[in-house]
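Enquirer: Supplied in structure tokens, the structure appears directly below.
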Amino acid sequence: MKINAFADVSLRALMVLAAVPDGTLLTTQSIADSVGTPYNHVSKAMARLRTMGLIEVVRGRSGGSRLSHAGRIATVGQILRQLDTRTDPADCVSPAGNCPLINECRLRGALARAREAFYAELDSVVIGDLPQARQMAPVFQMIGLRPGL
């Protein structure tokens, strides 16, 4: 199953924040640079992550974002459920009209169960456990942080 681009950017931003030591603040620009995504996309993701309580933002000259306690212990499944904006997994309902098979369709229910099984599998993956030092070293170097920081 494929996740939407917004969820992808959000998860990558959370991984970067999870990799830095507790209390370290990163700017949205440094996160955007580290995940290779335009600033505007990351900025929107960071705003949503803040409203979800997964990150904390410190304003000002030396401000930035850090992972909250809730963000550190959140699971990928929980996060994706909140970021998935699709109400209908099969696009049976659309502005152009409903699918003529919608009334007795078994596919729609099967796809909804498959999506939930996908999320359920990711309920065991905790954000704080995802990043590994070897994986993150080049990312830290790219944004000007010492790998052991």
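Please note that chains go A, B, ... in the order of the structure tokens, that every chain numbers its residues from 1, and that ligands are numbered from 1 in the order shown.
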Would you list, as a PyMOL selection string, the residues of region 31-124 of chain A that end up in alpha helix (DSSP H) under DSSP run on this structure's backbone?
Expert: chain A and resi 31-35+39-51+69-73+76-83+107-122
Enquirer: Could you give me, as a list in words, the residues within 12 Å of Glu121 (chain A), counting only C-alpha atoms and dropping anything in the same chain fewer than 6 positions from it?
Expert: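 Those residues are Met1, Thr75, Val76, Gly77, Gln78, Leu80, Ala114 and Arg115 of chain A.
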Enquirer: Do you know which residues are at most 12 Å from Arg50 (chain A) counting only C-alpha atoms, after dropping those on the same chain fewer than 6 positions away, and could you put them as a PyMOL selection string?
Expert: chain A and resi 10+13-14+43-44+56-58+64-68+70-71
Enquirer: Need the shell around Val9 (chain A): protein/DNA/RNA residues with any atom at most 7 Å away, counting only C-alpha atoms. Skip same-chain ones fewer than 4 positions apart. Format as a VMD selection string?
Expert: chain A and resid 5 13 42 45
Enquirer: Could you save the residues just selected, with N, CA, C and O atoms, as a PDB file, in the first residue's frame?
Expert:
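As a result, result01.pdb now contains:
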```pdb
ATOM      1  N   ALA A   5       1.875  11.620  -0.257  1.00  0.00           N
ATOM      2  CA  ALA A   5       3.119  12.384  -0.192  1.00  0.00           C
ATOM      3  C   ALA A   5       3.215  13.197   1.094  1.00  0.00           C
ATOM      4  O   ALA A   5       4.296  13.336   1.670  1.00  0.00           O
ATOM      5  N   ALA A  13      10.264  13.780   8.365  1.00  0.00           N
ATOM      6  CA  ALA A  13      10.594  14.867   9.295  1.00  0.00           C
ATOM      7  C   ALA A  13      10.652  14.335  10.726  1.00  0.00           C
ATOM      8  O   ALA A  13      11.565  14.689  11.490  1.00  0.00           O
ATOM      9  N   VAL A  42       7.543  20.780   3.664  1.00  0.00           N
ATOM     10  CA  VAL A  42       7.931  20.433   5.031  1.00  0.00           C
ATOM     11  C   VAL A  42       7.256  21.371   6.025  1.00  0.00           C
ATOM     12  O   VAL A  42       6.801  20.943   7.086  1.00  0.00           O
ATOM     13  N   ALA A  45       3.814  20.195   6.637  1.00  0.00           N
ATOM     14  CA  ALA A  45       3.844  18.969   7.436  1.00  0.00           C
ATOM     15  C   ALA A  45       4.151  19.285   8.898  1.00  0.00           C
ATOM     16  O   ALA A  45       3.515  18.734   9.810  1.00  0.00           O
TER      17      ALA A  45
END
```
Enquirer: Using only C-alpha atoms, pick whichever of A:Cys99, A:Leu83, A:Leu26, A:Val16 has the shortest atom-to-atom distance to Ile3 (chain A).
Expert: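 Using only C-alpha atoms, the shortest distance to Ile3 (chain A) belongs to A:Leu83.
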Enquirer: Hey, which of A:Arg48, A:Ala19, A:Asp84, A:Pro89 ends up closest to Arg134 (chain A)? Count only C-alpha atoms.
Expert: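 For Arg134 (chain A), the nearest of the candidates is A:Ala19.
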Enquirer: If you run DSSP on the backbone here, which positions in region 10-104 of chain A get strand (DSSP E or B)? Please write them as a list in words.
Expert: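 Of region 10-104 of chain A, the ones in strand (DSSP E or B) are Leu26, Ile55, Glu56, Val57, Val58, Gly64, Ser65, Arg66, Leu67 and Thr75 of chain A.
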Enquirer: Limited to N, CA and C atoms, could you put the picked residues into a file as a PDB file, in the first residue's frame?
Expert:
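Dumped to out-v5.pdb:
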```
ATOM      1  N   LEU A  26      15.720  21.885  15.616  1.00  0.00           N
ATOM      2  CA  LEU A  26      16.056  21.951  14.193  1.00  0.00           C
ATOM      3  C   LEU A  26      15.091  22.898  13.504  1.00  0.00           C
ATOM      4  N   ILE A  55       5.196  17.335  17.737  1.00  0.00           N
ATOM      5  CA  ILE A  55       6.394  18.162  17.841  1.00  0.00           C
ATOM      6  C   ILE A  55       6.082  19.391  18.680  1.00  0.00           C
ATOM      7  N   GLU A  56       7.155  19.975  19.213  1.00  0.00           N
ATOM      8  CA  GLU A  56       7.063  21.238  19.932  1.00  0.00           C
ATOM      9  C   GLU A  56       7.865  22.263  19.151  1.00  0.00           C
ATOM     10  N   VAL A  57       7.374  23.482  19.126  1.00  0.00           N
ATOM     11  CA  VAL A  57       8.034  24.552  18.374  1.00  0.00           C
ATOM     12  C   VAL A  57       8.448  25.644  19.341  1.00  0.00           C
ATOM     13  N   VAL A  58       9.700  26.076  19.195  1.00  0.00           N
ATOM     14  CA  VAL A  58      10.222  27.197  19.972  1.00  0.00           C
ATOM     15  C   VAL A  58      10.451  28.330  18.980  1.00  0.00           C
ATOM     16  N   GLY A  64      13.274  26.597  16.837  1.00  0.00           N
ATOM     17  CA  GLY A  64      13.194  25.453  15.943  1.00  0.00           C
ATOM     18  C   GLY A  64      12.163  24.475  16.462  1.00  0.00           C
ATOM     19  N   SER A  65      12.245  23.260  15.980  1.00  0.00           N
ATOM     20  CA  SER A  65      11.292  22.224  16.375  1.00  0.00           C
ATOM     21  C   SER A  65      12.033  21.057  16.991  1.00  0.00           C
ATOM     22  N   ARG A  66      11.322  20.371  17.885  1.00  0.00           N
ATOM     23  CA  ARG A  66      11.850  19.151  18.485  1.00  0.00           C
ATOM     24  C   ARG A  66      10.691  18.179  18.654  1.00  0.00           C
ATOM     25  N   LEU A  67      11.043  16.937  18.731  1.00  0.00           N
ATOM     26  CA  LEU A  67      10.045  15.898  18.923  1.00  0.00           C
ATOM     27  C   LEU A  67       9.506  15.974  20.342  1.00  0.00           C
ATOM     28  N   THR A  75       3.249   5.658  17.180  1.00  0.00           N
ATOM     29  CA  THR A  75       3.568   4.621  16.202  1.00  0.00           C
ATOM     30  C   THR A  75       3.257   5.125  14.792  1.00  0.00           C
TER      31      THR A  75
END
```
Enquirer: To one decimal place, how far is CA of Gly36 (chain A) from CA of Arg12 (chain A) in Å?
Expert: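 Atom-to-atom, CA of Gly36 (chain A) to CA of Arg12 (chain A), that is 9.8 Å.
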Enquirer: What is the distance, in Å and to one decimal place, between CA of Cys105 (chain A) and CA of Phe118 (chain A)?
Expert: 21.1 Å
Enquirer: So the first atom is CA of Ala18 (chain A) and the second is CA of Leu130 (chain A); what is the distance between them in Å, to one decimal place?
Expert: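 If I compute the distance from CA of Ala18 (chain A) to CA of Leu130 (chain A), I get 7.8 Å.
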Enquirer: Residues at most 12 Å from Thr87 (chain A), counting only C-alpha atoms, excluding those fewer than 6 positions away in the same chain, as a ChimeraX atom specification?
Expert: /A:81,93-94,108,111-112,115
Enquirer: Produce a file of the selected residues containing C-alpha atoms, as an mmCIF file, in the first residue's frame.
Expert:
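Okay, this is what ended up in out_3.cif:
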```
data_model
loop_
_atom_site.group_PDB
_atom_site.id
_atom_site.type_symbol
_atom_site.label_atom_id
_atom_site.label_comp_id
_atom_site.auth_asym_id
_atom_site.auth_seq_id
_atom_site.Cartn_x
_atom_site.Cartn_y
_atom_site.Cartn_z
ATOM 1 C CA ARG A 81 -4.400 6.929 10.384
ATOM 2 C CA VAL A 93 -17.900 8.043 -4.193
ATOM 3 C CA SER A 94 -16.718 10.961 -6.305
ATOM 4 C CA ARG A 108 -14.960 -1.614 -0.911
ATOM 5 C CA LEU A 111 -10.068 -2.614 0.689
ATOM 6 C CA ALA A 112 -11.014 -0.892 3.954
ATOM 7 C CA ARG A 115 -5.939 -0.601 4.755
#
```
Enquirer: Between A:Leu17, A:Ser124, A:Asp88, A:Ile102, which one has atoms that come closest to Ser30 (chain A), using only C-alpha atoms?
Expert: A:Leu17
Enquirer: Give the answer as one residue: which of A:Asp8, A:Arg72, A:Pro38, A:Ile79 has the shortest atom-to-atom distance to Asp129 (chain A), using only C-alpha atoms?
Expert: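 Ranking A:Asp8, A:Arg72, A:Pro38, A:Ile79 by distance to Asp129 (chain A), first place goes to A:Arg72.
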